[in-house]
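What follows is data35.tsv (TSV, C-alpha atoms).
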chain	number	residue	atom	x	y	z
A	13	MET	CA	-11.07	-0.82	-26.86
A	14	PRO	CA	-11.47	-4.63	-26.89
A	15	SER	CA	-14.89	-6.22	-26.58
A	16	ASN	CA	-15.83	-7.80	-23.25
A	17	ALA	CA	-15.39	-11.29	-24.73
A	18	ASP	CA	-11.96	-10.40	-26.11
A	19	ALA	CA	-10.92	-8.76	-22.82
A	20	ASP	CA	-12.07	-11.84	-20.88
A	21	ARG	CA	-10.13	-14.12	-23.23
A	22	LEU	CA	-6.97	-12.02	-22.84
A	23	LEU	CA	-7.35	-11.97	-19.05
A	24	ALA	CA	-7.67	-15.77	-19.05
A	25	ILE	CA	-4.49	-16.12	-21.12
A	26	TYR	CA	-2.69	-13.64	-18.86
A	27	LEU	CA	-3.68	-15.45	-15.68
A	28	ASN	CA	-2.78	-18.85	-17.12
A	29	ASP	CA	0.62	-17.51	-18.16
A	30	HIS	CA	1.14	-16.30	-14.60
A	31	LEU	CA	-0.06	-19.64	-13.28
A	32	ALA	CA	2.70	-21.29	-15.32
A	33	GLY	CA	5.19	-18.80	-13.88
A	34	ALA	CA	3.87	-19.45	-10.38
A	35	THR	CA	4.28	-23.19	-10.95
A	36	LEU	CA	7.87	-22.63	-12.04
A	37	GLY	CA	8.39	-20.41	-9.00
A	38	VAL	CA	7.05	-23.06	-6.62
A	39	GLU	CA	9.23	-25.77	-8.16
A	40	LEU	CA	12.34	-23.56	-8.03
A	41	ALA	CA	11.60	-22.38	-4.47
A	42	ARG	CA	11.21	-26.01	-3.37
A	43	ARG	CA	14.52	-26.89	-5.01
A	44	LEU	CA	16.26	-23.98	-3.29
A	45	ARG	CA	14.69	-24.96	0.05
A	46	SER	CA	15.77	-28.57	-0.35
A	47	SER	CA	19.29	-27.77	-1.52
A	48	ASN	CA	19.88	-25.32	1.34
A	49	GLN	CA	17.97	-26.90	4.22
A	50	GLY	CA	21.07	-27.57	6.31
A	51	ASP	CA	22.49	-24.08	5.79
A	52	PRO	CA	21.79	-21.85	8.82
A	53	GLU	CA	22.00	-18.62	6.79
A	54	MET	CA	20.07	-19.71	3.71
A	55	GLY	CA	17.83	-22.56	4.89
A	56	PRO	CA	15.31	-20.85	7.20
A	57	PRO	CA	14.62	-17.79	5.01
A	58	LEU	CA	14.32	-19.95	1.88
A	59	ALA	CA	11.89	-22.28	3.67
A	60	ARG	CA	9.74	-19.28	4.64
A	61	ILE	CA	9.84	-17.78	1.14
A	62	CYS	CA	8.97	-21.17	-0.35
A	63	SER	CA	5.88	-21.43	1.87
A	64	GLU	CA	4.83	-17.91	0.86
A	65	ILE	CA	5.30	-18.64	-2.85
A	66	GLU	CA	3.21	-21.80	-2.51
A	67	ALA	CA	0.46	-19.78	-0.80
A	68	ASP	CA	0.62	-17.13	-3.54
A	69	ARG	CA	0.12	-19.77	-6.22
A	70	ASP	CA	-2.89	-21.04	-4.28
A	71	ALA	CA	-4.24	-17.46	-4.12
A	72	LEU	CA	-3.91	-17.18	-7.90
A	73	CYS	CA	-5.74	-20.49	-8.37
A	74	ASP	CA	-8.50	-19.31	-6.00
A	75	LEU	CA	-8.84	-16.05	-7.92
A	76	MET	CA	-9.05	-17.89	-11.24
A	77	GLU	CA	-11.75	-20.14	-9.79
A	78	ARG	CA	-13.74	-17.13	-8.52
A	79	LEU	CA	-13.49	-15.55	-11.95
A	80	GLU	CA	-14.50	-18.87	-13.55
A	81	ILE	CA	-11.32	-18.96	-15.61
A	82	GLY	CA	-10.31	-22.46	-16.64
A	83	ARG	CA	-6.82	-23.61	-15.80
A	84	ASP	CA	-4.61	-24.54	-18.72
A	85	GLN	CA	-2.99	-27.91	-17.93
A	86	VAL	CA	-0.22	-27.64	-20.53
A	87	LYS	CA	1.49	-24.41	-19.46
A	88	PRO	CA	2.11	-25.44	-15.82
A	89	ALA	CA	3.35	-28.86	-16.99
A	90	LEU	CA	5.79	-27.14	-19.34
A	91	ALA	CA	6.92	-24.90	-16.47
A	92	LYS	CA	7.69	-27.95	-14.31
A	93	THR	CA	9.66	-29.45	-17.18
A	94	ALA	CA	11.56	-26.19	-17.67
A	95	GLU	CA	12.55	-26.17	-14.00
A	96	LYS	CA	13.86	-29.72	-14.29
A	97	LEU	CA	15.81	-28.84	-17.44
A	98	GLY	CA	17.22	-25.78	-15.67
A	99	ARG	CA	19.01	-28.13	-13.29
A	100	LEU	CA	21.24	-29.24	-16.17
A	101	LYS	CA	23.04	-25.89	-16.38
A	102	LEU	CA	26.83	-25.81	-16.27
A	103	ASN	CA	27.63	-24.68	-12.75
A	104	GLY	CA	31.26	-25.65	-12.27
A	105	ARG	CA	30.41	-29.05	-10.77
A	106	LEU	CA	29.34	-32.07	-12.73
A	107	LEU	CA	26.92	-33.76	-10.33
A	108	ALA	CA	26.79	-31.64	-7.17
A	109	TYR	CA	24.96	-28.49	-6.16
A	110	SER	CA	27.30	-25.56	-6.68
A	111	PRO	CA	27.51	-22.13	-5.03
A	112	LEU	CA	26.88	-20.84	-8.57
A	113	SER	CA	23.67	-22.89	-8.73
A	114	ARG	CA	22.39	-20.99	-5.70
A	115	VAL	CA	23.30	-17.61	-7.24
A	116	LEU	CA	21.58	-18.36	-10.55
A	117	GLU	CA	18.49	-19.94	-8.99
A	118	LEU	CA	18.03	-16.95	-6.67
A	119	GLU	CA	18.27	-14.63	-9.68
A	120	VAL	CA	15.60	-16.55	-11.57
A	121	LEU	CA	13.33	-16.75	-8.52
A	122	SER	CA	13.76	-13.00	-7.95
A	123	GLY	CA	12.62	-12.35	-11.51
A	124	LEU	CA	9.57	-14.57	-11.06
A	125	VAL	CA	8.65	-12.81	-7.81
A	126	GLY	CA	8.99	-9.44	-9.57
A	127	ALA	CA	6.62	-10.61	-12.31
A	128	LYS	CA	4.19	-11.81	-9.63
A	129	MET	CA	4.24	-8.39	-7.98
A	130	GLN	CA	3.41	-6.82	-11.35
A	131	LEU	CA	0.53	-9.28	-11.75
A	132	TRP	CA	-1.02	-8.35	-8.42
A	133	ASN	CA	-0.59	-4.63	-9.13
A	134	ALA	CA	-2.15	-4.97	-12.59
A	135	LEU	CA	-5.10	-6.94	-11.21
A	136	GLU	CA	-5.65	-4.42	-8.43
A	137	GLN	CA	-5.72	-1.64	-11.04
A	138	HIS	CA	-8.08	-3.66	-13.24
A	139	PHE	CA	-10.53	-4.80	-10.57
A	140	GLY	CA	-10.15	-1.97	-8.09
A	141	GLU	CA	-9.89	-2.43	-4.37
A	142	GLY	CA	-12.08	-5.21	-3.04
A	143	ALA	CA	-13.48	-6.23	-6.42
A	144	ALA	CA	-11.65	-9.57	-6.43
A	145	GLY	CA	-13.68	-11.05	-3.58
A	146	ASP	CA	-11.67	-12.29	-0.62
A	147	VAL	CA	-8.38	-11.96	-2.52
A	148	ASP	CA	-6.49	-8.92	-1.17
A	149	LEU	CA	-4.49	-7.95	-4.24
A	150	HIS	CA	-2.74	-5.05	-2.52
A	151	GLN	CA	-1.56	-7.29	0.31
A	152	LEU	CA	-0.32	-9.87	-2.19
A	153	ALA	CA	1.66	-7.19	-4.06
A	154	THR	CA	3.14	-5.94	-0.77
A	155	ALA	CA	4.11	-9.50	0.19
A	156	ALA	CA	5.75	-10.04	-3.21
A	157	ASP	CA	7.76	-6.86	-2.71
A	158	SER	CA	8.93	-8.17	0.66
A	159	GLN	CA	9.86	-11.52	-0.89
A	160	GLY	CA	11.84	-9.70	-3.57
A	161	ARG	CA	13.82	-7.70	-1.02
A	162	ARG	CA	14.61	-10.82	1.02
A	163	LEU	CA	15.64	-12.72	-2.11
A	164	GLU	CA	17.96	-9.86	-3.05
A	165	ASP	CA	19.62	-10.07	0.37
A	166	LEU	CA	20.04	-13.84	-0.04
A	167	HIS	CA	21.37	-13.35	-3.58
A	168	LEU	CA	24.02	-10.91	-2.37
A	169	ALA	CA	25.05	-13.35	0.38
A	170	ALA	CA	25.20	-16.16	-2.18
A	171	THR	CA	27.41	-14.11	-4.51
A	172	ARG	CA	29.79	-13.32	-1.65
A	173	ARG	CA	30.05	-17.03	-0.94
A	174	ALA	CA	30.52	-17.99	-4.58
A	175	PHE	CA	32.89	-15.24	-5.67
A	176	GLY	CA	34.49	-14.03	-2.42
A	177	SER	CA	34.36	-10.51	-1.07
A	178	GLY	CA	36.08	-8.93	-4.11
A	179	ALA	CA	38.73	-6.21	-4.11

Would you mind giving the structure from this file in structure tokens?
Amino acid sequence: MPSNADADRLLAIYLNDHLAGATLGVELARRLRSSNQGDPEMGPPLARICSEIEADRDALCDLMERLEIGRDQVKPALAKTAEKLGRLKLNGRLLAYSPLSRVLELEVLSGLVGAKMQLWNALEQHFGEGAAGDVDLHQLATAADSQGRRLEDLHLAATRRAFGSGA
């Protein structure tokens, strides 16, 4: 069993790693929202999910502040850079947003939301119900699950658009 100091250090690293992931998620969600804002099928749900992901990142920052865990400045900056570099992927179009871009970005965002749900579940198990102050970890995990299901629906719609209906 780790000492309290070691456990606290590991928790701080864990939360800062998730803060970097949350930063990447916010940047990617904003890109998806912007790239699909005129699309009646994709635009409104992506705008809603983006707002929720931004709020979730804020909830993580609030929790870290309550726990007096310092925020690493490097990891979130690297996450923002990674999102920008991710835009350089080969997507079948040299300069324009591609239907494949939407498919791949939704896949990455779905993975980040899944990791966020695991974070909230792990913290709820660690702290117990109500031990994280005003942060409702169970509600945050439930919301992440809902985001994941909606992203999956959008991903399937995006694949139909990109690849056709199949055989």

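Among A:Asn16, A:Thr171, A:Thr35, A:Ser158, the residue with the shortest atom-to-atom distance to A:Ser113, counting all atoms listed in the file, is A:Thr171.
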
For each of A:Leu112, A:Ala17, A:Val147, A:Ala156, take the minimum atom-to-atom distance to A:Ala174, counting only C-alpha atoms, then give the residue where this is smallest.
-> A:Leu112

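Rounded to one decimal, atom CA of A:Ile25 and atom CA of A:Cys73 lie 13.5 Å from each other.
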
If I wrap all listed atoms of stretch 144-148 of chain A in a box with edges along x, y and z and add 3 Å on each side, what are its centre and edge lengths in Å to one decimal, as JSON?
{"center_x": -10.1, "center_y": -10.6, "center_z": -3.5, "size_x": 13.2, "size_y": 9.4, "size_z": 11.8}

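Distances here use only C-alpha atoms; by that measure, the residue among A:Val86, A:Ala153, A:Ala24, A:Arg114 closest to A:Ser46 is A:Arg114.
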
Could you give me, as a ChimeraX atom specification, the residues within 9 Å of A:Arg60, counting all atoms listed in the file and dropping anything in the same chain fewer than 5 positions from it?
-> /A:45,55,65

Export of the given selection (C-alpha atoms) as a PDB file, in the frame of the given file:
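out.pdb was written with the following content:
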ATOM      1  CA  ARG A  45      14.690 -24.960   0.050  1.00  0.00           C
ATOM      2  CA  GLY A  55      17.830 -22.560   4.890  1.00  0.00           C
ATOM      3  CA  ILE A  65       5.300 -18.640  -2.850  1.00  0.00           C
TER       4      ILE A  65
END

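The shell of residues at most 12 Å from A:Ser47, with all atoms listed in the file counted and near chain neighbours (fewer than 2 positions) removed, consists of Leu40, Ala41, Arg42, Arg43, Leu44, Arg45, Gln49, Gly50, Asp51, Met54, Gly55, Pro56, Leu58, Ala59, Arg99, Ala108, Tyr109, Ser110, Pro111, Ser113, Arg114 and Glu117 of chain A.
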